[in-house]
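Report on one structure; see the data block that follows.
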Amino acid sequence: MKKNFLTLLAFVLFCGTVFAQEVQYPQKTDVRWRLFSTQDSNIFLQLDTLNGSVYTLNTTNGSLTEIVELPSGSSSFEKGAYTLYATKDKYNFILIDQNTAASWLIHWDYNKDKCSCKKLGAEQTPHLW
């Protein structure tokens, strides 16, 4: 009986781990608009890959709120030039211009007044060469 219970417990824990993993869907990278999930299942970040503008998309009420109109110092104007990378902080993402390596810290929040975009300087950008 104890062996059956332990087997059942191990199975339940394994299934919970498998089903709790986030599903990732492949995206084209050469398109103008891309969606990035946040740790809030109702909030997505919508990125204009042409100019770096970032919006929050709330799926519960359908609202689209601009966080960043156009990052200061951005210079690339081609589809796929910009992308977002998640950080360990659920409210922060790194926006990077893939052509120039310019980067910004994007902070999203439920309150638009608390959203921000901070340019990361050369001293904060890691060099790989």
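So you can find residues: chains in the structure tokens are A, B, ... in the order shown, residues in each start at 1, and ligands are numbered from 1 in order.
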Task: Long-range neighbours of A:Tyr91 as a VMD selection string, 6 Å cut-off, only C-alpha atoms, 2 positions minimum in chain - done: chain A and resid 89 107 to 108
Please produce an output containing N, CA, C and O atoms for each residue in the selection, written as a CSV table (one decimal), in the first residue's frame.
chain,number,residue,atom,x,y,z
A,89,ASP,N,13.3,39.6,-13.2
A,89,ASP,CA,12.2,40.5,-12.6
A,89,ASP,C,11.1,40.5,-13.6
A,89,ASP,O,11.2,40.9,-14.8
A,107,HIS,N,10.6,48.8,-18.3
A,107,HIS,CA,9.8,48.4,-17.1
A,107,HIS,C,8.3,48.6,-17.4
A,107,HIS,O,7.9,49.7,-17.7
A,108,TRP,N,7.6,47.5,-17.4
A,108,TRP,CA,6.1,47.6,-17.6
A,108,TRP,C,5.5,47.5,-16.2
A,108,TRP,O,6.0,46.9,-15.3
Open item on the list: List the spatial neighbours of A:Gln39 as a list in words - criterion: any atom at most 12 Å away, only C-alpha atoms, same-chain residues fewer than 6 positions off excluded.
Closed with: Gln21, Glu22, Leu45, Ala86, Thr87, Lys88, Asp89, Lys90, Tyr91, Asn92, Phe93, Trp108 and Asp109 of chain A
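For the pair atom CA of A:Asp48 and atom CA of A:Thr83, the interatomic distance is 8.8 Å.
Checking A:Gly62, A:Glu78, A:Cys115, A:Ile96 one by one against A:Val31, counting only C-alpha atoms, you find the shortest gap at A:Glu78.
A straight line drawn from atom CA of A:Leu120 to atom CA of A:Thr49 is 18.5 Å long.
For the atom pair formed by atom CA of A:Asp40 and atom CA of A:Ala102, the distance is 27.1 Å, given to one decimal.
Excluding A:Thr59 and any residue on its chain fewer than 5 positions from it, the residues at most 8 Å away by only C-alpha atoms are Asn42, Ile43 and Phe44 of chain A.
Nearest residue to A:Gly52 among A:Val68, A:Ala101, A:Leu35, A:Cys117 is A:Val68, counting only C-alpha atoms.
Taking only C-alpha atoms into account, A:Asp113 lies nearest to A:Ile67 out of the set A:Leu57, A:Ile67, A:Leu84, A:Leu50.
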